[in-house]
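model_39.txt follows; it contains compact mmCIF, C-alpha atoms.
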```
# COMPACT_ATOMS: atom_id res chain seq x y z
CA MET O 59 -2.40 -17.49 -1.36
CA ILE O 60 -2.26 -14.21 -3.23
CA ILE O 61 -4.45 -12.26 -5.63
CA SER O 62 -2.70 -12.54 -9.00
CA LYS O 63 -5.17 -10.83 -11.38
CA ILE O 64 -8.00 -8.31 -11.27
CA ASP O 65 -10.99 -8.02 -13.59
CA VAL O 66 -13.48 -5.17 -13.08
CA THR O 67 -16.65 -4.38 -15.03
CA ALA O 68 -18.70 -1.20 -14.62
CA PHE O 69 -17.36 0.13 -11.32
CA LYS O 70 -17.50 3.94 -10.96
CA SER O 71 -15.27 5.38 -13.74
CA ILE O 72 -14.25 1.90 -14.89
CA LYS O 73 -16.12 0.35 -17.80
CA LYS O 74 -13.84 -2.66 -18.16
CA ILE O 75 -10.27 -3.33 -17.00
CA SER O 76 -8.24 -6.47 -16.46
CA PHE O 77 -4.61 -6.62 -15.33
CA PRO O 78 -2.14 -8.80 -13.40
CA LEU O 79 -0.85 -8.04 -9.91
CA ASP O 80 2.74 -8.48 -8.86
CA LYS O 81 3.22 -10.97 -6.05
CA ASN O 82 4.92 -8.24 -3.98
CA ILE O 83 4.11 -4.69 -5.10
CA THR O 84 1.88 -3.24 -7.80
CA VAL O 85 2.13 0.51 -8.49
CA LEU O 86 -0.83 2.35 -10.02
CA ILE O 87 0.53 5.64 -11.35
CA GLY O 88 -1.26 8.29 -13.35
CA PRO O 89 -2.55 11.86 -13.33
CA ASN O 90 -5.22 13.12 -10.95
CA GLU O 91 -8.79 11.97 -11.65
CA SER O 92 -7.62 9.08 -13.83
CA GLY O 93 -9.37 6.46 -11.69
CA LYS O 94 -6.54 5.09 -9.53
CA THR O 95 -8.59 5.28 -6.33
CA ASN O 96 -11.55 3.62 -8.02
CA ILE O 97 -9.34 0.64 -8.86
CA LEU O 98 -8.38 0.28 -5.19
CA ARG O 99 -12.00 0.62 -4.13
CA SER O 100 -13.11 -1.99 -6.65
CA ILE O 101 -10.62 -4.50 -5.22
CA TYR O 102 -11.77 -3.71 -1.69
CA ASN O 103 -15.36 -4.38 -2.78
CA ILE O 104 -14.62 -8.07 -3.23
CA ILE O 105 -15.11 -8.55 0.53
CA PRO O 106 -18.65 -9.53 1.63
CA ALA O 107 -18.84 -6.88 4.36
CA GLU O 108 -18.60 -4.07 1.81
CA PRO O 109 -22.03 -2.85 0.51
CA PHE O 110 -22.46 -3.73 -3.16
CA THR O 111 -25.31 -2.04 -5.03
CA ASN O 112 -25.94 -0.33 -8.35
CA GLU O 113 -24.96 2.98 -6.71
CA LYS O 114 -21.38 1.92 -7.49
CA THR O 115 -22.13 0.99 -11.09
CA CYS O 116 -20.59 3.00 -13.94
CA GLN O 117 -23.43 5.18 -15.26
CA TYR O 118 -22.30 4.72 -18.87
CA SER O 119 -22.50 0.95 -18.73
CA ASP O 120 -25.18 -1.57 -19.73
CA LEU O 121 -25.24 -2.86 -16.14
CA TYR O 122 -26.35 0.57 -14.92
CA LYS O 123 -29.18 0.68 -17.47
CA GLU O 124 -30.25 -2.76 -16.22
CA GLY O 125 -30.13 -1.63 -12.59
CA LYS O 126 -27.39 -4.11 -11.69
CA PRO O 127 -24.28 -3.71 -9.51
CA PRO O 128 -20.74 -3.93 -10.93
CA ILE O 129 -18.90 -7.22 -11.43
CA ILE O 130 -15.61 -7.66 -9.57
CA SER O 131 -13.38 -10.70 -10.10
CA VAL O 132 -10.05 -11.67 -8.53
CA GLU O 133 -7.82 -14.58 -9.47
CA LEU O 134 -6.40 -16.47 -6.49
CA SER O 135 -3.17 -18.44 -6.86
CA ASN O 136 0.18 -19.36 -5.22
CA PHE O 137 -1.48 -21.72 -2.77
CA SER O 138 0.63 -23.01 0.08
CA ARG O 139 0.31 -26.62 1.22
CA GLU O 140 -1.83 -25.47 4.13
CA ASP O 141 -4.01 -23.42 1.74
CA LYS O 142 -4.73 -26.51 -0.37
CA LEU O 143 -5.58 -28.61 2.66
CA GLN O 144 -8.08 -26.01 3.86
CA LEU O 145 -9.51 -25.40 0.38
CA ALA O 146 -10.05 -29.14 -0.13
CA LYS O 147 -12.30 -29.16 2.93
CA ILE O 148 -14.59 -26.73 1.13
CA TYR O 149 -14.46 -28.41 -2.28
CA ASP O 150 -12.37 -31.46 -3.10
CA GLY O 151 -11.68 -30.20 -6.62
CA PHE O 152 -9.55 -27.38 -5.19
CA ARG O 153 -6.93 -30.00 -4.38
CA ASN O 154 -5.77 -30.14 -8.01
CA LEU O 155 -6.11 -26.46 -8.94
CA ASP O 156 -3.26 -23.96 -9.23
CA SER O 157 -5.65 -21.01 -9.43
CA PHE O 158 -9.31 -20.04 -9.62
CA TRP O 159 -11.43 -16.90 -9.95
CA LEU O 160 -13.72 -15.48 -7.28
CA ARG O 161 -16.40 -13.27 -8.86
CA ARG O 162 -18.85 -10.98 -7.09
CA GLU O 163 -22.04 -10.04 -8.93
CA GLY O 164 -24.22 -8.72 -6.09
CA PRO O 165 -24.62 -7.99 -2.37
CA GLU O 166 -25.38 -11.52 -1.14
CA ILE O 167 -23.09 -14.50 -0.55
CA SER O 168 -25.15 -16.34 -3.16
CA ASP O 169 -24.03 -13.69 -5.69
CA TYR O 170 -20.43 -14.97 -5.52
CA LYS O 171 -19.21 -17.46 -8.11
CA ILE O 172 -16.13 -19.69 -8.32
CA ILE O 173 -14.84 -19.91 -11.88
CA VAL O 174 -12.24 -22.20 -13.45
CA ASP O 175 -11.52 -22.12 -17.19
CA ASP O 176 -14.60 -19.92 -17.75
CA LYS O 177 -16.82 -22.51 -16.06
CA ILE O 178 -18.77 -21.86 -12.87
CA LEU O 179 -18.15 -24.54 -10.25
CA SER O 180 -21.09 -25.89 -8.28
CA ILE O 181 -19.75 -25.76 -4.73
CA GLY O 182 -22.70 -24.92 -2.52
CA ASN O 183 -21.65 -23.07 0.62
CA ILE O 184 -18.60 -20.93 -0.16
CA LYS O 185 -18.81 -18.88 3.05
CA PRO O 186 -15.85 -20.72 4.69
CA LEU O 187 -13.70 -19.64 1.73
CA PHE O 188 -13.61 -16.02 2.88
CA LYS O 189 -11.78 -16.97 6.07
CA LEU O 190 -8.93 -18.35 3.95
CA LEU O 191 -8.48 -15.32 1.71
CA PRO O 192 -5.85 -12.66 2.42
CA GLU O 193 -7.39 -9.93 4.55
CA ILE O 194 -7.75 -6.77 2.46
CA VAL O 195 -6.83 -3.62 4.37
CA TYR O 196 -7.51 -0.24 2.77
CA PHE O 197 -5.26 2.59 4.01
CA ASP O 198 -6.89 5.72 2.61
CA THR O 199 -6.24 7.88 5.66
CA ILE O 200 -3.66 7.65 8.43
CA SER O 201 -4.31 8.86 11.97
CA ILE O 202 -1.45 11.30 12.65
CA ILE O 203 0.31 10.78 15.98
CA ASN O 204 -0.69 13.10 18.86
CA ASP O 205 1.57 15.03 21.23
CA ARG O 206 0.14 13.29 24.27
CA VAL O 207 -2.37 10.62 25.24
CA SER O 208 -3.95 9.55 28.53
CA TYR O 209 -3.91 6.07 29.98
CA ASP O 210 -7.72 5.96 29.73
CA ASP O 211 -7.50 6.73 25.99
CA LEU O 212 -4.94 3.97 25.45
CA ALA O 213 -6.81 1.42 27.52
CA GLY O 214 -10.23 2.37 26.16
CA ASN O 215 -9.51 1.16 22.63
CA HIS O 216 -10.70 4.43 21.09
CA PRO O 217 -10.06 4.45 17.28
CA GLU O 218 -8.62 7.99 17.37
CA TYR O 219 -5.73 6.78 19.55
CA LYS O 220 -4.89 3.70 17.49
CA THR O 221 -1.57 5.20 16.33
CA GLU O 222 -0.40 5.79 19.91
CA ARG O 223 -1.34 2.23 20.95
CA ASN O 224 0.50 0.85 17.92
CA LEU O 225 3.51 3.03 18.76
CA LEU O 226 3.86 1.18 22.06
CA LYS O 227 3.27 -2.13 20.31
CA ILE O 228 6.19 -1.71 17.90
CA GLY O 229 8.28 -0.68 20.91
CA GLY O 230 7.59 -4.11 22.38
CA LEU O 231 5.08 -2.98 25.00
CA SER O 232 1.79 -4.91 24.93
CA ASP O 233 0.39 -3.54 28.21
CA PRO O 234 0.39 0.29 28.43
CA ALA O 235 -0.33 0.14 32.17
CA ILE O 236 3.31 -0.72 32.91
CA ILE O 237 4.76 2.64 31.87
CA PHE O 238 2.16 4.50 33.94
CA GLU O 239 3.42 2.87 37.11
CA ASP O 240 5.09 5.32 39.49
CA SER O 241 8.01 2.95 40.00
CA THR O 242 11.47 2.09 38.74
CA ARG O 243 9.92 -0.61 36.57
CA GLY O 244 7.55 1.88 34.96
CA ARG O 245 10.27 4.44 34.22
CA ARG O 246 12.58 1.77 32.84
CA ALA O 247 9.80 0.37 30.64
CA ALA O 248 9.19 3.87 29.21
CA GLU O 249 12.91 4.32 28.45
CA GLU O 250 13.33 0.89 26.84
CA THR O 251 10.19 1.31 24.74
CA GLY O 252 11.43 4.70 23.52
CA TRP O 253 14.83 3.22 22.62
CA GLU O 254 13.23 0.39 20.65
CA ILE O 255 10.94 2.80 18.76
CA THR O 256 13.89 5.09 18.01
CA LYS O 257 15.95 2.19 16.65
CA ARG O 258 13.18 1.02 14.36
CA ILE O 259 12.40 4.49 13.00
CA ARG O 260 16.08 5.26 12.32
CA GLU O 261 16.26 2.10 10.18
CA VAL O 262 13.62 3.39 7.76
CA TRP O 263 14.03 7.19 7.90
CA THR O 264 17.39 8.31 6.51
CA GLN O 265 16.59 12.04 6.51
CA GLU O 266 17.64 12.52 10.14
CA PRO O 267 19.91 9.78 11.57
CA SER O 268 20.12 11.56 14.95
CA LEU O 269 16.36 11.37 15.49
CA GLU O 270 15.34 10.17 18.95
CA ILE O 271 11.87 9.46 20.35
CA LYS O 272 11.24 9.61 24.08
CA LEU O 273 8.16 8.65 26.07
CA ARG O 274 7.57 10.75 29.16
CA VAL O 275 4.84 9.93 31.70
CA ASN O 276 3.37 12.46 34.08
CA GLY O 277 0.47 11.18 36.14
CA ASN O 278 -2.25 9.93 33.78
CA LEU O 279 -0.64 11.40 30.64
CA MET O 280 2.03 10.02 28.30
CA TYR O 281 3.93 12.65 26.31
CA ILE O 282 5.68 11.79 23.03
CA ASP O 283 8.80 13.89 22.48
CA PHE O 284 11.19 14.09 19.51
CA SER O 285 14.75 15.38 19.33
CA ASP O 286 17.65 15.50 16.88
CA ASN O 287 20.99 17.30 16.49
CA THR O 288 19.27 20.65 16.08
CA THR O 289 16.31 20.33 18.45
CA VAL O 290 16.03 19.50 22.12
CA TYR O 291 13.03 17.33 22.98
CA ASP O 292 9.90 18.83 21.45
CA THR O 293 6.35 17.74 20.55
CA PRO O 294 5.30 16.10 17.26
CA LYS O 295 3.61 19.38 16.27
CA SER O 296 7.08 20.84 15.79
CA ARG O 297 7.87 18.34 13.02
CA SER O 298 6.90 18.48 9.35
CA LEU O 299 3.62 17.01 8.17
CA GLY O 300 5.57 14.73 5.82
CA PHE O 301 7.58 13.20 8.64
CA LEU O 302 4.54 12.83 10.91
CA TRP O 303 2.65 11.06 8.13
CA TYR O 304 5.61 8.75 7.47
CA LEU O 305 6.01 7.94 11.15
CA SER O 306 2.28 7.35 11.64
CA PHE O 307 2.09 5.18 8.53
CA TYR O 308 5.04 3.07 9.62
CA ILE O 309 3.63 2.63 13.12
CA ASN O 310 0.20 1.48 11.93
CA PHE O 311 1.48 -0.63 9.07
CA ILE O 312 4.05 -2.53 11.09
CA ALA O 313 1.69 -3.06 14.03
CA THR O 314 -0.95 -4.53 11.69
CA SER O 315 1.35 -7.11 10.14
CA ILE O 316 3.95 -7.66 12.87
CA GLU O 317 2.67 -11.08 13.94
CA SER O 318 1.01 -12.17 10.69
CA LYS O 319 1.94 -15.14 8.54
CA SER O 320 3.12 -14.64 4.96
CA ASN O 321 0.39 -13.45 2.58
CA SER O 322 -2.08 -12.86 5.40
CA TYR O 323 -2.85 -9.40 4.03
CA LEU O 324 -3.34 -7.45 0.84
CA PHE O 325 -2.68 -3.78 1.63
CA LEU O 326 -4.27 -1.08 -0.51
CA LEU O 327 -2.55 2.31 -0.10
CA ASP O 328 -4.00 5.47 -1.63
CA GLU O 329 -1.33 8.09 -2.40
CA PRO O 330 1.24 7.15 0.28
CA GLY O 331 3.97 9.73 0.69
CA LEU O 332 1.84 12.57 -0.66
CA HIS O 333 3.36 15.01 1.88
CA LEU O 334 6.93 13.75 1.57
CA HIS O 335 9.95 15.37 -0.05
CA PRO O 336 11.35 13.27 -2.99
CA ALA O 337 14.10 11.91 -0.71
CA GLY O 338 11.43 10.89 1.79
CA GLN O 339 9.43 9.24 -0.99
CA LYS O 340 12.49 7.19 -1.89
CA ASP O 341 12.77 6.13 1.75
CA LEU O 342 9.13 5.12 1.61
CA THR O 343 9.58 3.00 -1.52
CA GLN O 344 12.40 1.12 0.22
CA LEU O 345 10.22 0.63 3.30
CA LEU O 346 7.37 -0.69 1.15
CA GLU O 347 9.83 -3.04 -0.51
CA GLN O 348 10.76 -4.50 2.88
CA LEU O 349 7.14 -4.82 3.97
CA ALA O 350 6.10 -6.49 0.71
CA GLN O 351 8.42 -9.42 1.32
CA LYS O 352 5.70 -10.70 3.65
CA ASN O 353 2.42 -9.31 2.30
CA GLN O 354 1.13 -8.04 -1.05
CA LEU O 355 0.86 -4.28 -1.61
CA ILE O 356 -0.95 -2.13 -4.15
CA TYR O 357 -0.49 1.62 -4.00
CA THR O 358 -1.49 4.61 -6.09
CA THR O 359 0.68 7.63 -6.84
CA HIS O 360 1.25 10.41 -9.32
CA SER O 361 4.87 10.88 -8.26
CA PRO O 362 7.70 9.31 -10.31
CA PHE O 363 9.80 9.22 -7.13
CA MET O 364 7.47 6.51 -5.81
CA ILE O 365 8.62 4.10 -8.52
CA ASP O 366 11.44 1.64 -7.93
CA ARG O 367 13.06 1.54 -11.37
CA ASN O 368 14.58 -1.86 -10.60
CA PHE O 369 11.09 -3.35 -11.02
CA PRO O 370 9.46 -1.75 -14.09
CA ASP O 371 7.07 -4.68 -14.56
CA ARG O 372 5.27 -3.72 -11.36
CA VAL O 373 4.06 -0.40 -12.76
CA ARG O 374 0.53 0.00 -14.15
CA LEU O 375 -0.14 3.30 -15.89
CA VAL O 376 -3.70 4.50 -15.27
CA ASN O 377 -5.33 6.84 -17.77
CA LYS O 378 -8.86 8.09 -18.33
CA THR O 379 -10.31 8.41 -21.84
CA ASN O 380 -13.78 8.60 -23.35
CA GLU O 381 -13.97 4.88 -22.66
CA GLY O 382 -13.33 5.40 -18.95
CA THR O 383 -10.37 4.32 -16.83
CA SER O 384 -7.79 2.21 -18.67
CA ILE O 385 -4.61 0.33 -17.73
CA ASP O 386 -1.29 0.22 -19.57
CA ASN O 387 0.89 -2.66 -18.30
CA GLU O 388 3.99 -1.51 -20.19
CA ALA O 389 4.49 2.05 -19.01
CA TYR O 390 8.26 1.44 -19.14
CA ARG O 391 8.53 0.91 -22.91
CA GLU O 392 10.52 3.41 -25.03
CA ASN O 393 12.33 4.76 -21.97
CA TRP O 394 9.06 5.19 -20.03
CA ARG O 395 7.52 7.23 -22.83
CA PRO O 396 3.85 6.38 -22.00
CA LEU O 397 4.42 7.37 -18.37
CA ARG O 398 6.22 10.58 -19.27
CA GLN O 399 3.46 11.63 -21.64
CA SER O 400 0.72 10.80 -19.16
CA ILE O 401 2.06 12.72 -16.16
CA GLY O 402 3.92 15.46 -18.07
CA LEU O 403 7.54 14.46 -17.44
CA THR O 404 10.44 15.11 -19.76
CA VAL O 405 13.89 13.52 -19.80
CA GLY O 406 15.19 16.88 -18.61
CA ASP O 407 13.40 16.33 -15.29
CA LEU O 408 16.25 13.88 -14.52
CA PHE O 409 14.01 11.11 -13.18
CA PHE O 410 15.22 8.72 -15.81
CA PHE O 411 18.91 9.18 -15.08
CA ASN O 412 20.49 6.77 -12.65
CA THR O 413 22.76 7.79 -9.78
CA LYS O 414 25.67 6.62 -11.94
CA GLY O 415 26.11 7.81 -15.51
CA LEU O 416 28.07 6.81 -18.58
CA PHE O 417 29.19 9.25 -21.27
CA VAL O 418 29.76 7.82 -24.74
CA GLU O 419 31.53 9.69 -27.55
CA PHE O 420 30.50 8.92 -31.11
CA PRO O 421 32.72 9.76 -34.08
CA GLY O 422 31.08 12.08 -36.58
CA LYS O 423 31.61 14.94 -38.95
CA GLN O 424 32.16 18.29 -37.32
CA LYS O 425 29.62 20.87 -38.37
CA LYS O 426 30.80 24.28 -39.37
CA GLY O 427 30.95 26.56 -36.35
CA SER O 428 30.38 23.70 -33.92
CA ILE O 429 32.78 22.47 -31.27
CA PHE O 430 30.95 19.17 -30.87
CA SER O 431 31.97 16.05 -32.75
CA HIS O 432 28.45 14.61 -32.84
CA LYS O 433 24.93 15.83 -32.21
CA ASN O 434 22.37 13.32 -30.98
```

Exercise: express the given structure as structure tokens:
Amino acid sequence: MIISKIDVTAFKSIKKISFPLDKNITVLIGPNESGKTNILRSIYNIIPAEPFTNEKTCQYSDLYKEGKPPIISVELSNFSREDKLQLAKIYDGFRNLDSFWLRREGPEISDYKIIVDDKILSIGNIKPLFKLLPEIVYFDTISIINDRVSYDDLAGNHPEYKTERNLLKIGGLSDPAIIFEDSTRGRRAAEETGWEITKRIREVWTQEPSLEIKLRVNGNLMYIDFSDNTTVYDTPKSRSLGFLWYLSFYINFIATSIESKSNSYLFLLDEPGLHLHPAGQKDLTQLLEQLAQKNQLIYTTHSPFMIDRNFPDRVRLVNKTNEGTSIDNEAYRENWRPLRQSIGLTVGDLFFFNTKGLFVEFPGKQKKGSIFSHKN
């Protein structure tokens, strides 16, 4: 199943918003301080583990005056056959539904409601339902890859070395102990893992096709070295912050979803590609497109280079007015005029020109002193 719509009342800067989600990617674009992050946080607050009190309530709302928490609702739809079988075990009426709303009104499980056609269903224990929902993962920060890591750090499951563990995972190595062996098998495992990582990174990073990643083990330490046509093997610290962020994001993202079933996750990404050059941001949008074929994504941005113009319906323009955060679902109308006005773009910034152009000549009267046949 997927989350197909969002409805939020009185959360932080949001008084009231409601908008649909794309089944693959939804882009929240807008200027700084418009409320994009608050939208992501509101969605994340649908999960029971997240604290839910009136501290998160919009202070200009009636709910705040009443001392109540916000109200967050998500519409669930696109049920697979397996989804329906599992849902029917919770409530037989789910068997014939194409969608329903899950609404959170407070911190307890009893504060959740199931709504169909504006009617609250009497289900009883809805706790098993949460095991069936897509897992919501909020990527607000990415742990940047280190130059080196010890075997104890990798084996100890320390959160600060998650990126390095996931690096080995996408290289096909599930047990780090192998590459620390002082043997032919250990050295070969390190080489093969480095080759696999290099191959995968080259597929998604077009900026440097000669990039190579090598794992080098010395005693209890594993060193991570990079090279390309202009640099002999060097540490990650020698690379740009944009590339390191991209690499670290890819490592963690792929490792999280590598063995998952379709629609197992909803990923919330806050300002991905913030440190990337426009060409790198375009690489990232293509990577996100590939990843979204399996799991739903929502990401925020204020960069027009993070928009895939082949899918204008995915874009939600976020603005902030006296009425709080608002959503415009048609930011693409009039040649993206609402978007251009909101983030300060002009046609002269060239974003709205495609890689291929077409010049059209119109017949018209020549003005005195002008060499042009028509002025448009």

Calculate how many Å separate atom CA of Arg245 of chain O from atom CA of Trp303 of chain O, rounding to one decimal.
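It comes out at 28.0 Å.
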
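Considering only C-alpha atoms, the residue among O:Gly230, O:Gly382, O:Gly182, O:Pro396 positioned nearest to Thr67 of chain O is O:Gly382.
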
Name all residues at most 9 Å from segment 352-367 of chain O (count all atoms listed in the file; drop same-chain ones fewer than 5 positions away) and give them as a ChimeraX atom specification.
/O:60-61,79-90,94-95,98,192,315,318-332,336-337,339-340,342-344,346-347,372-373,397,401,403,409-410

Can you work out the spacing between atom CA of Asn112 of chain O and atom CA of Lys70 of chain O in Å, to one decimal?
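It comes out at 9.8 Å.
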
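The smallest atom-to-atom distance between Lys272 of chain O and any of O:Asp141, O:Lys295, O:Gly229, O:Gln117, using only C-alpha atoms, is found for O:Gly229.
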